[in-house]
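run07.cif (mmCIF, C-alpha atoms and all ligand atoms) appears below.
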data_structure
loop_
_atom_site.label_atom_id
_atom_site.label_comp_id
_atom_site.auth_asym_id
_atom_site.auth_seq_id
_atom_site.Cartn_x
_atom_site.Cartn_y
_atom_site.Cartn_z
CA MET O 1 17.21 117.72 33.21
CA LYS O 2 20.32 119.83 33.31
CA SER O 3 19.53 123.51 33.72
CA PHE O 4 21.59 126.18 31.96
CA GLY O 5 19.67 129.34 32.94
CA THR O 6 18.86 130.36 29.34
CA PRO O 7 16.88 133.65 29.35
CA LEU O 8 13.93 132.10 27.46
CA LYS O 9 11.15 134.22 26.03
CA VAL O 10 7.91 132.97 27.56
CA GLU O 11 4.40 133.93 26.47
CA LYS O 12 1.66 132.09 28.31
CA ALA O 13 -1.61 131.12 26.66
CA THR O 14 -4.38 133.38 27.90
CA GLN O 15 -6.84 130.52 28.02
CA SER O 16 -6.15 126.80 28.33
CA LYS O 17 -7.84 124.32 25.95
CA ILE O 18 -7.56 121.55 28.50
CA GLU O 19 -11.18 121.58 29.66
CA HIS O 20 -12.31 120.61 26.14
CA VAL O 21 -10.15 117.48 26.12
CA ASP O 22 -11.51 114.05 27.01
CA PHE O 23 -8.49 112.32 28.52
CA GLN O 24 -10.36 108.99 28.58
CA SER O 25 -10.56 108.70 24.81
CA LEU O 26 -7.51 110.22 23.20
CA SER O 27 -6.51 109.33 19.66
CA PHE O 28 -2.75 109.18 19.29
CA GLY O 29 -1.24 112.56 18.36
CA LYS O 30 -4.47 114.42 17.60
CA VAL O 31 -4.70 116.89 20.48
CA PHE O 32 -1.86 119.26 21.35
CA THR O 33 -1.11 121.11 24.56
CA ASP O 34 -1.40 124.86 25.12
CA HIS O 35 2.22 125.73 24.34
CA MET O 36 5.07 125.00 21.94
CA MET O 37 8.77 125.79 21.89
CA ILE O 38 10.41 127.39 18.89
CA SER O 39 13.91 128.53 17.99
CA THR O 40 14.97 129.80 14.56
CA TYR O 41 18.32 129.43 12.82
CA LYS O 42 19.64 132.34 10.78
CA ASN O 43 23.10 133.68 9.99
CA GLY O 44 24.67 130.58 11.53
CA GLU O 45 23.00 130.89 14.94
CA TRP O 46 20.01 129.51 16.80
CA SER O 47 17.80 132.12 18.49
CA ILE O 48 16.99 131.91 22.19
CA PRO O 49 13.96 129.60 22.35
CA GLU O 50 10.50 131.04 22.76
CA VAL O 51 7.85 129.12 24.64
CA LYS O 52 4.54 130.43 23.37
CA PRO O 53 0.93 129.42 22.71
CA TYR O 54 0.57 126.48 20.25
CA GLN O 55 -0.17 128.09 16.91
CA ASN O 56 0.13 127.76 13.15
CA LEU O 57 3.36 128.62 11.40
CA SER O 58 3.71 131.07 8.56
CA LEU O 59 6.13 129.85 5.89
CA ALA O 60 6.80 130.77 2.28
CA PRO O 61 5.40 128.18 -0.17
CA SER O 62 8.96 127.94 -1.50
CA ALA O 63 10.40 126.95 1.91
CA ARG O 64 12.84 124.08 1.30
CA VAL O 65 11.08 121.63 3.61
CA PHE O 66 8.09 121.47 1.25
CA HIS O 67 10.19 120.58 -1.77
CA TYR O 68 13.11 118.47 -0.61
CA GLY O 69 11.92 117.05 2.68
CA GLN O 70 14.78 118.58 4.63
CA GLU O 71 13.24 117.62 7.98
CA VAL O 72 14.11 115.48 10.99
CA PHE O 73 12.19 114.69 14.16
CA GLU O 74 12.19 112.84 17.47
CA GLY O 75 9.62 111.01 19.57
CA MET O 76 9.91 110.98 23.36
CA LYS O 77 7.58 110.93 26.36
CA ALA O 78 7.05 112.60 29.76
CA TYR O 79 5.41 110.69 32.63
CA LYS O 80 3.81 111.87 35.87
CA ASP O 81 4.23 109.81 39.03
CA ASP O 82 1.55 109.44 41.71
CA ALA O 83 3.05 112.36 43.65
CA GLY O 84 2.64 114.62 40.60
CA LYS O 85 6.32 114.85 39.67
CA VAL O 86 7.14 114.84 35.95
CA TRP O 87 9.84 112.58 34.49
CA LEU O 88 11.56 111.98 31.18
CA PHE O 89 13.23 108.76 29.98
CA ARG O 90 16.78 109.12 28.60
CA PRO O 91 16.02 112.57 27.09
CA MET O 92 19.62 113.29 26.16
CA ASP O 93 19.61 110.23 23.91
CA ASN O 94 16.82 111.87 21.92
CA PHE O 95 18.75 115.15 21.85
CA ASN O 96 21.89 113.41 20.59
CA ARG O 97 19.91 111.45 18.01
CA ILE O 98 18.18 114.50 16.52
CA ASN O 99 21.58 116.04 15.96
CA ILE O 100 22.84 112.82 14.32
CA SER O 101 19.75 112.93 12.08
CA SER O 102 20.31 116.62 11.33
CA GLU O 103 23.90 116.03 10.30
CA ARG O 104 22.77 113.40 7.76
CA LEU O 105 20.27 115.89 6.29
CA ALA O 106 22.94 118.65 6.11
CA MET O 107 21.19 120.61 8.86
CA PRO O 108 22.83 122.44 11.79
CA ALA O 109 23.04 120.80 15.22
CA PHE O 110 20.77 122.24 17.91
CA ARG O 111 22.16 123.53 21.20
CA GLU O 112 22.00 121.35 24.32
CA ASP O 113 21.34 124.32 26.63
CA TYR O 114 18.42 125.51 24.48
CA PHE O 115 16.98 122.00 24.23
CA CYS O 116 17.12 121.32 27.98
CA ASP O 117 15.91 124.72 29.15
CA GLY O 118 13.27 125.06 26.43
CA LEU O 119 11.81 121.60 26.95
CA SER O 120 11.84 121.98 30.75
CA LYS O 121 9.91 125.24 30.57
CA LEU O 122 7.44 123.83 28.06
CA LEU O 123 6.72 120.83 30.29
CA GLU O 124 6.44 123.00 33.37
CA LEU O 125 3.85 125.22 31.66
CA ASP O 126 1.88 122.26 30.27
CA GLN O 127 2.23 119.90 33.25
CA GLU O 128 -1.55 119.72 33.79
CA TRP O 129 -1.71 117.90 30.46
CA ILE O 130 0.33 114.99 31.82
CA LYS O 131 -1.85 112.48 33.65
CA SER O 132 -0.50 109.98 36.14
CA GLY O 133 -1.54 106.33 36.02
CA ASP O 134 -0.63 103.34 33.91
CA GLY O 135 -0.25 104.05 30.23
CA ASN O 136 -0.78 107.81 30.45
CA SER O 137 1.98 110.03 29.18
CA LEU O 138 2.74 113.13 27.15
CA TYR O 139 4.17 112.40 23.71
CA ILE O 140 6.83 114.98 22.86
CA ARG O 141 7.64 115.72 19.23
CA PRO O 142 10.76 117.84 18.60
CA PHE O 143 11.40 118.52 14.90
CA VAL O 144 13.55 120.64 12.62
CA ILE O 145 12.46 122.07 9.27
CA ALA O 146 14.28 123.95 6.52
CA THR O 147 12.47 127.27 6.21
CA GLU O 148 14.62 129.22 3.78
CA GLU O 149 12.72 130.49 0.74
CA GLY O 150 13.64 129.31 -2.73
CA VAL O 151 13.41 126.03 -4.56
CA ALA O 152 17.12 125.54 -5.26
CA ALA O 153 17.94 121.89 -4.52
CA SER O 154 20.57 122.61 -1.88
CA PRO O 155 20.65 122.75 1.92
CA ALA O 156 18.87 125.73 3.44
CA ASN O 157 20.55 128.40 5.53
CA GLU O 158 17.47 128.94 7.70
CA TYR O 159 15.65 126.47 9.96
CA MET O 160 13.16 126.17 12.78
CA PHE O 161 13.55 123.81 15.75
CA ILE O 162 10.11 123.26 17.28
CA ILE O 163 8.73 121.12 20.09
CA ILE O 164 5.03 120.26 20.34
CA CYS O 165 3.37 117.91 22.84
CA SER O 166 0.34 115.65 22.74
CA PRO O 167 -1.28 113.74 25.63
CA VAL O 168 -1.55 109.99 24.95
CA GLN O 169 -2.96 106.92 26.62
CA SER O 170 -1.61 103.43 26.76
CA TYR O 171 -0.91 102.20 23.28
CA TYR O 172 -2.44 98.89 22.34
CA ALA O 173 -2.47 98.05 18.66
CA GLY O 174 -4.57 94.91 19.05
CA GLU O 175 -3.11 91.64 17.82
CA VAL O 176 -0.24 92.47 15.54
CA ARG O 177 0.63 90.36 12.54
CA VAL O 178 3.45 91.48 10.29
CA LYS O 179 4.45 90.96 6.70
CA ILE O 180 8.13 90.32 6.13
CA ALA O 181 9.15 92.55 3.21
CA GLU O 182 10.11 90.68 0.04
CA LYS O 183 10.10 93.55 -2.43
CA PHE O 184 9.99 96.97 -0.80
CA SER O 185 12.78 98.51 1.30
CA ARG O 186 12.68 101.24 3.93
CA ALA O 187 16.35 102.12 3.78
CA ALA O 188 19.62 101.05 2.22
CA GLN O 189 23.26 101.09 3.27
CA GLY O 190 24.55 104.59 2.61
CA GLY O 191 21.01 106.00 2.84
CA THR O 192 19.14 107.82 5.59
CA GLY O 193 17.62 104.88 7.52
CA TYR O 194 19.54 105.62 10.71
CA ALA O 195 18.24 109.20 10.71
CA LYS O 196 14.77 110.04 11.94
CA ALA O 197 14.04 111.89 8.70
CA GLY O 198 10.43 112.43 7.63
CA GLY O 199 11.13 111.06 4.14
CA ASN O 200 11.92 107.59 5.52
CA TYR O 201 8.41 107.43 6.92
CA GLY O 202 6.63 108.97 3.93
CA GLY O 203 8.22 106.32 1.72
CA SER O 204 7.05 103.50 3.98
CA PHE O 205 3.33 104.33 3.86
CA TYR O 206 2.61 102.77 0.46
CA PRO O 207 4.18 99.36 1.25
CA ALA O 208 2.47 99.46 4.66
CA LEU O 209 -0.92 100.05 2.99
CA GLN O 210 -0.33 97.13 0.64
CA ALA O 211 0.49 94.90 3.61
CA GLN O 212 -2.65 96.09 5.40
CA LYS O 213 -4.75 95.05 2.42
CA GLU O 214 -3.33 91.55 2.88
CA GLY O 215 -4.40 91.58 6.55
CA PHE O 216 -1.12 92.59 8.23
CA GLN O 217 -0.79 95.53 10.60
CA GLN O 218 2.89 96.22 10.04
CA ILE O 219 5.84 95.45 7.80
CA VAL O 220 9.04 93.85 8.99
CA TRP O 221 11.68 95.48 6.83
CA THR O 222 14.47 93.39 5.41
CA ASP O 223 17.82 94.50 4.01
CA ALA O 224 17.54 96.32 0.70
CA ASN O 225 20.18 94.21 -1.08
CA THR O 226 18.96 90.67 -0.54
CA HIS O 227 15.75 90.84 1.55
CA GLU O 228 17.25 87.93 3.48
CA TYR O 229 17.99 89.71 6.76
CA ILE O 230 15.50 91.20 9.21
CA GLU O 231 15.94 94.90 9.96
CA GLU O 232 13.05 96.64 11.78
CA ALA O 233 9.34 96.21 12.47
CA GLY O 234 7.40 99.25 11.21
CA THR O 235 8.59 102.05 13.47
CA MET O 236 10.09 99.74 16.05
CA ASN O 237 13.26 97.73 16.46
CA ILE O 238 12.63 94.00 16.46
CA PHE O 239 13.50 91.24 18.92
CA ILE O 240 13.12 87.53 18.23
CA ARG O 241 13.28 84.73 20.81
CA ILE O 242 14.37 81.36 19.51
CA GLY O 243 14.31 78.77 22.27
CA ASP O 244 15.45 80.84 25.25
CA LYS O 245 17.87 82.94 23.23
CA LEU O 246 16.90 86.51 22.49
CA LEU O 247 18.10 87.98 19.21
CA THR O 248 18.13 91.48 17.78
CA GLY O 249 19.92 92.74 14.70
CA PRO O 250 22.88 95.11 14.95
CA THR O 251 22.24 98.78 14.21
CA SER O 252 23.54 99.96 10.86
CA GLU O 253 23.14 102.79 8.37
CA SER O 254 19.69 101.47 7.54
CA ILE O 255 18.32 100.95 11.07
CA LEU O 256 17.28 103.51 13.66
CA ASP O 257 19.35 103.22 16.83
CA GLY O 258 16.33 102.87 19.12
CA ILE O 259 16.50 104.02 22.72
CA THR O 260 14.07 101.29 23.81
CA ARG O 261 16.21 98.68 22.00
CA LYS O 262 19.34 99.87 23.83
CA SER O 263 17.47 99.75 27.14
CA LEU O 264 16.20 96.20 26.54
CA ILE O 265 19.71 95.01 25.69
CA GLN O 266 20.99 96.46 28.96
CA ILE O 267 18.17 94.85 30.96
CA ALA O 268 18.67 91.49 29.22
CA GLU O 269 22.33 91.62 30.18
CA ASP O 270 21.52 92.42 33.82
CA LYS O 271 18.81 89.77 34.10
CA GLY O 272 21.11 87.10 32.70
CA ILE O 273 18.92 86.55 29.64
CA ASP O 274 20.85 84.74 26.95
CA PHE O 275 20.93 87.23 24.08
CA GLU O 276 22.86 87.93 20.93
CA VAL O 277 23.10 91.02 18.74
CA ARG O 278 23.73 89.71 15.23
CA PRO O 279 22.19 89.70 11.77
CA ILE O 280 19.03 87.57 11.75
CA LYS O 281 18.12 85.64 8.62
CA VAL O 282 14.47 85.34 7.62
CA SER O 283 15.14 81.68 6.83
CA GLU O 284 16.31 80.90 10.38
CA VAL O 285 13.12 82.43 11.82
CA ILE O 286 11.03 80.23 9.55
CA GLU O 287 13.07 77.16 10.41
CA ALA O 288 12.75 77.95 14.13
CA HIS O 289 8.98 78.23 13.65
CA LYS O 290 8.83 74.88 11.90
CA ALA O 291 10.87 73.32 14.72
CA GLY O 292 8.52 74.80 17.35
CA GLU O 293 11.39 76.92 18.69
CA LEU O 294 10.10 80.39 17.74
CA LYS O 295 8.79 81.56 21.11
CA GLU O 296 8.45 85.35 20.79
CA MET O 297 8.70 88.21 18.34
CA PHE O 298 8.19 91.77 19.49
CA GLY O 299 8.81 95.33 18.42
CA ALA O 300 10.51 97.81 20.77
CA GLY O 301 9.94 101.55 20.65
CA THR O 302 8.86 104.62 22.59
CA ALA O 303 5.17 104.36 21.62
CA ALA O 304 4.40 100.96 23.19
CA VAL O 305 7.71 99.98 24.88
CA VAL O 306 7.20 96.45 23.58
CA SER O 307 4.59 95.33 21.10
CA PRO O 308 4.16 91.54 20.82
CA ILE O 309 3.82 90.09 17.33
CA LYS O 310 1.25 87.26 17.00
CA GLY O 311 2.13 86.07 13.55
CA PHE O 312 3.86 86.87 10.28
CA GLY O 313 3.55 86.36 6.57
CA TYR O 314 6.32 85.57 4.12
CA LYS O 315 6.18 84.56 0.46
CA GLY O 316 2.47 83.82 0.58
CA GLU O 317 2.65 81.65 3.72
CA LYS O 318 1.21 82.68 7.09
CA TYR O 319 2.83 81.69 10.38
CA GLU O 320 1.28 81.99 13.87
CA LEU O 321 3.16 82.11 17.16
CA ILE O 322 1.81 80.08 20.03
CA GLU O 323 1.08 81.88 23.28
CA ILE O 324 3.67 81.10 25.96
CA GLU O 325 4.07 81.92 29.66
CA ASN O 326 6.88 83.97 31.21
CA LYS O 327 7.40 86.10 28.16
CA TYR O 328 10.53 88.23 27.91
CA SER O 329 8.35 90.98 26.43
CA ASP O 330 6.22 91.15 29.62
CA LEU O 331 9.32 91.30 31.82
CA PHE O 332 10.87 94.11 29.76
CA LYS O 333 7.66 96.11 29.66
CA LYS O 334 7.21 95.95 33.42
CA ILE O 335 10.81 96.92 34.19
CA ILE O 336 10.84 99.86 31.78
CA THR O 337 7.39 101.25 32.62
CA ASP O 338 8.12 100.99 36.37
CA ILE O 339 11.27 103.05 35.85
CA GLN O 340 9.45 105.57 33.63
CA GLN O 341 6.62 106.07 36.12
CA ASN O 342 8.91 106.22 39.17
CA LYS O 343 7.49 102.99 40.59
CA SER O 344 10.87 101.34 41.03
CA GLU O 345 14.51 102.12 41.59
CA ASP O 346 16.34 103.18 38.45
CA PRO O 347 19.79 101.57 38.62
CA TYR O 348 20.67 102.95 35.18
CA GLY O 349 20.04 106.67 35.68
CA TRP O 350 17.54 106.70 32.80
CA ARG O 351 14.78 108.58 34.65
CA VAL O 352 15.33 112.33 34.68
CA ALA O 353 13.21 115.01 36.43
CA ALA O 354 11.69 117.21 33.73
CA PHE O 355 11.96 120.54 35.65
C1 LIG O 401 12.14 103.36 12.31
C2 LIG O 401 12.13 103.28 13.80
N1 LIG O 401 12.79 102.28 14.40
C3 LIG O 401 12.84 102.16 15.74
C4 LIG O 401 12.19 103.06 16.57
C5 LIG O 401 12.27 102.90 18.05
O1 LIG O 401 13.11 103.89 18.61
P1 LIG O 401 12.91 104.41 20.10
O2 LIG O 401 13.02 103.21 20.98
O3 LIG O 401 14.03 105.36 20.31
O4 LIG O 401 11.57 105.03 20.17
C6 LIG O 401 11.47 104.12 15.98
C7 LIG O 401 10.73 105.08 16.83
O5 LIG O 401 11.26 106.06 17.22
C8 LIG O 401 11.46 104.24 14.58
O6 LIG O 401 10.79 105.25 14.00
#
Go ahead and render the structure in this file as structure tokens.
Amino acid sequence: MKSFGTPLKVEKATQSKIEHVDFQSLSFGKVFTDHMMISTYKNGEWSIPEVKPYQNLSLAPSARVFHYGQEVFEGMKAYKDDAGKVWLFRPMDNFNRINISSERLAMPAFREDYFCDGLSKLLELDQEWIKSGDGNSLYIRPFVIATEEGVAASPANEYMFIIICSPVQSYYAGEVRVKIAEKFSRAAQGGTGYAKAGGNYGGSFYPALQAQKEGFQQIVWTDANTHEYIEEAGTMNIFIRIGDKLLTGPTSESILDGITRKSLIQIAEDKGIDFEVRPIKVSEVIEAHKAGELKEMFGAGTAAVVSPIKGFGYKGEKYELIEIENKYSDLFKKIITDIQQNKSEDPYGWRVAAF
């Protein structure tokens, strides 16, 4: 990553927790590394980031984040290659996106120099926590919270920008079947769907639980106005292959502009895969299924790169996809994970040395 020479404040943990961690059986996002990065915003300025031992925060019960959900976050990963070097995947896209999210929540933008230098130092200190090998990575969670005291329903003047990290293993959700939303919505035009704001996720848990009771693992969100168009799959962007044509919906105010989605579109273009970015109707997916033309559905996101969908439910009917060979999802997964783990050339400049 770019280095700006910020005079960071660094306090190392006196004792590492790493020996107590079983890296063979990690639950996603449960264990955190020895250090965190924190910068506070006051009087219109961000403080020089501190990298210090992972610890609890002390906040007033009246802090705005607890009352109005003024919070945004990111999800990114660091990878270690077989030579022990640590890499990030398109980290500046995450930096730019958290500032886009912050703007929507009336929060101040964070500084690029503080982000790059703070994250680099954090990863350097916690590099033992990143394991090489297929599927292993360090999940990185930057987030911003409104910390100002007082329950007035207005934007805060004080914030914290924090980064915490959690070692993760390869993500396999089992066979995924999704329910196409008929009633609930995640986001609407003019709303906050394009921002990675905590409230979008909190509001999706109840519909997701209902879908789980019906035997589905995820919800495919549809547009809030008509529920006729496909938007996203849970916390992933969605791709649908009809015949040999690959489709994904356009980004909009209600869809997160996924970094994996963007990467797959670029790869599809380079590999000469016939693809189209356009609104996708639920009815055309069902018709394609009936005609035997629905070959693949998969989610795309940082957690799993691509997550194949085995079947879906809509208006009380259940539809199964038949297993095919030479899946686009397998091709995309291999190309992206090889770039992330430094196993192949990176013609796009997506792989960036962490420190
Ligand atoms: C709602 C939503 N859509 C899509 C994505 C995929 O985005 P990315 O590929 O940047 O991880 C995510 C995960 O970050 C998400 O939370």
**Message:** Under the rule that only C-alpha atoms are counted, which of O:Val65, O:Leu122, O:Ile145, O:Ile309 is the nearest residue to Thr33 (chain O)?
**Reply:**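 Using only C-alpha atoms, Thr33 (chain O) sits closest to O:Leu122.
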**Request:** Choose the residue, out of O:Asn342, O:Gln15, O:Thr6, O:Ser154, that has the smallest atom-to-atom separation from Ser47 (chain O); count all atoms listed in the file.
**Result:**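 Using all atoms listed in the file, Ser47 (chain O) sits closest to O:Thr6.
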**Request:** Dump the neighbourhood of ligand LIG 401 (chain O) as JSON, numbers by chain: all residues within 7 Å, distances computed on all atoms listed in the file.
**Result:** {"O": [74, 75, 76, 196, 232, 234, 235, 236, 237, 255, 256, 257, 258, 259, 260, 261, 300, 301, 302, 303]}
**Message:** Applying 8 Å and only C-alpha atoms, which residues near Ser120 (chain O) remain after dropping the ones on its own chain fewer than 4 positions away? List them as a ChimeraX atom specification.
**Reply:** /O:1,116,124,354-355
Now that the selection is made, can you save its residues with C-alpha atoms as a JSON list (two decimals), keeping the file's coordinate frame?
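Just written: out00.json:
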[["chain", "number", "residue", "atom", "x", "y", "z"],
["O", 1, "MET", "CA", 17.21, 117.72, 33.21],
["O", 116, "CYS", "CA", 17.12, 121.32, 27.98],
["O", 124, "GLU", "CA", 6.44, 123.00, 33.37],
["O", 354, "ALA", "CA", 11.69, 117.21, 33.73],
["O", 355, "PHE", "CA", 11.96, 120.54, 35.65]]
**Message:** So, with all atoms listed in the file as the atoms that count, which of O:Ile48, O:Ala188, O:Val220, O:Ile242 lies closest to Val176 (chain O)?
**Reply:** O:Val220
Give me, as CSV, the closest atom pair and its distance (Å, one decimal) for every residue of region 182-290 of chain O within a cut-off of 8 Å of region 313-333 of chain O, counting all atoms listed in the file, rows sorted by chain and rising number.
residue,atom,partner,partner_atom,distance
O:Glu182,CA,O:Lys315,CA,7.3
O:Phe216,CA,O:Gly313,CA,8.0
O:Leu264,CA,O:Phe332,CA,6.6
O:Ile267,CA,O:Phe332,CA,7.4
O:His289,CA,O:Tyr319,CA,7.8
Mind writing the picked residues with C-alpha atoms as a compact mmCIF listing (two decimals), in the frame of the given file?
# COMPACT_ATOMS: atom_id res chain seq x y z
CA GLU O 182 10.11 90.68 0.04
CA PHE O 216 -1.12 92.59 8.23
CA LEU O 264 16.20 96.20 26.54
CA ILE O 267 18.17 94.85 30.96
CA HIS O 289 8.98 78.23 13.65
**Message:** Using all atoms listed in the file, which protein or nucleic acid residues come within 9 Å of Ser166 (chain O)? Drop anything in the same chain fewer than 5 positions from it, and give the result as a list in words.
**Reply:**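 Close residues of Ser166 (chain O): Phe28, Gly29, Lys30, Val31, Phe32, Thr33, Trp129, Ser137, Leu138, Tyr139, Ile140 and Arg141 of chain O.
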Quick one: residues within 8 Å of Arg64 (chain O), all atoms listed in the file counted, chain neighbours fewer than 4 positions away excluded, as a PDB file with C-alpha atoms, in the coordinates of the input?
ATOM      1  CA  TYR O  68      13.110 118.470  -0.610  1.00  0.00           C
ATOM      2  CA  GLY O  69      11.920 117.050   2.680  1.00  0.00           C
ATOM      3  CA  GLN O  70      14.780 118.580   4.630  1.00  0.00           C
ATOM      4  CA  ALA O 146      14.280 123.950   6.520  1.00  0.00           C
ATOM      5  CA  THR O 147      12.470 127.270   6.210  1.00  0.00           C
ATOM      6  CA  GLU O 148      14.620 129.220   3.780  1.00  0.00           C
ATOM      7  CA  GLU O 149      12.720 130.490   0.740  1.00  0.00           C
ATOM      8  CA  GLY O 150      13.640 129.310  -2.730  1.00  0.00           C
ATOM      9  CA  VAL O 151      13.410 126.030  -4.560  1.00  0.00           C
ATOM     10  CA  ALA O 152      17.120 125.540  -5.260  1.00  0.00           C
ATOM     11  CA  PRO O 155      20.650 122.750   1.920  1.00  0.00           C
ATOM     12  CA  ALA O 156      18.870 125.730   3.440  1.00  0.00           C
TER      13      ALA O 156
END
**Item:** Residue nearest Glu158 (chain O) - candidates O:Ala63, O:Ile18, O:Leu26, O:Ile100, atoms counted: only C-alpha atoms
**Value:**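 Looking only at the distances to Glu158 (chain O), the closest residue turns out to be O:Ala63.
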**Prompt:** Quick one, how far is CA of Val10 (chain O) from CA of Val51 (chain O)?
**Reply:**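 The value is 4.8 Å.
You can rank O:Glu103, O:Glu228, O:Asp338, O:Asp244 by their closest distance to Glu284 (chain O) using all atoms listed in the file, and at the top of that list sits O:Glu228.
You will find CA of Glu231 (chain O) at 28.9 Å from CA of Phe110 (chain O).
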**Asked** Any idea what's packed within 10 Å of Trp46 (chain O), counting all atoms listed in the file, ignoring anything in its chain fewer than 4 positions away? Could you give it as a PyMOL selection string?
**Response** chain O and resi 39-42+108-111+114+158-161
Determine, counting all atoms listed in the file, which protein, DNA and RNA residues have an atom within 10 Å of an atom of Thr222 (chain O); residues of the same chain fewer than 3 positions away are not included. Present the result as a PDB file with C-alpha atoms, in the frame of the given file.
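In the end it all went to result.pdb:
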ATOM      1  CA  ILE O 180       8.130  90.320   6.130  1.00  0.00           C
ATOM      2  CA  ALA O 181       9.150  92.550   3.210  1.00  0.00           C
ATOM      3  CA  GLU O 182      10.110  90.680   0.040  1.00  0.00           C
ATOM      4  CA  LYS O 183      10.100  93.550  -2.430  1.00  0.00           C
ATOM      5  CA  PHE O 184       9.990  96.970  -0.800  1.00  0.00           C
ATOM      6  CA  SER O 185      12.780  98.510   1.300  1.00  0.00           C
ATOM      7  CA  ARG O 186      12.680 101.240   3.930  1.00  0.00           C
ATOM      8  CA  ALA O 187      16.350 102.120   3.780  1.00  0.00           C
ATOM      9  CA  ALA O 188      19.620 101.050   2.220  1.00  0.00           C
ATOM     10  CA  ILE O 219       5.840  95.450   7.800  1.00  0.00           C
ATOM     11  CA  ASN O 225      20.180  94.210  -1.080  1.00  0.00           C
ATOM     12  CA  THR O 226      18.960  90.670  -0.540  1.00  0.00           C
ATOM     13  CA  HIS O 227      15.750  90.840   1.550  1.00  0.00           C
ATOM     14  CA  GLU O 228      17.250  87.930   3.480  1.00  0.00           C
ATOM     15  CA  TYR O 229      17.990  89.710   6.760  1.00  0.00           C
ATOM     16  CA  ILE O 230      15.500  91.200   9.210  1.00  0.00           C
ATOM     17  CA  GLU O 231      15.940  94.900   9.960  1.00  0.00           C
ATOM     18  CA  GLU O 232      13.050  96.640  11.780  1.00  0.00           C
ATOM     19  CA  ALA O 233       9.340  96.210  12.470  1.00  0.00           C
ATOM     20  CA  SER O 254      19.690 101.470   7.540  1.00  0.00           C
ATOM     21  CA  ILE O 280      19.030  87.570  11.750  1.00  0.00           C
ATOM     22  CA  LYS O 281      18.120  85.640   8.620  1.00  0.00           C
ATOM     23  CA  VAL O 282      14.470  85.340   7.620  1.00  0.00           C
TER      24      VAL O 282
END
**Message:** Counting all atoms listed in the file, which residue out of O:Ile162, O:Leu246, O:Met92, O:Val285 sits closest to Ala268 (chain O)?
**Reply:**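 Of O:Ile162, O:Leu246, O:Met92, O:Val285, the one nearest Ala268 (chain O) is O:Leu246, counting all atoms listed in the file.
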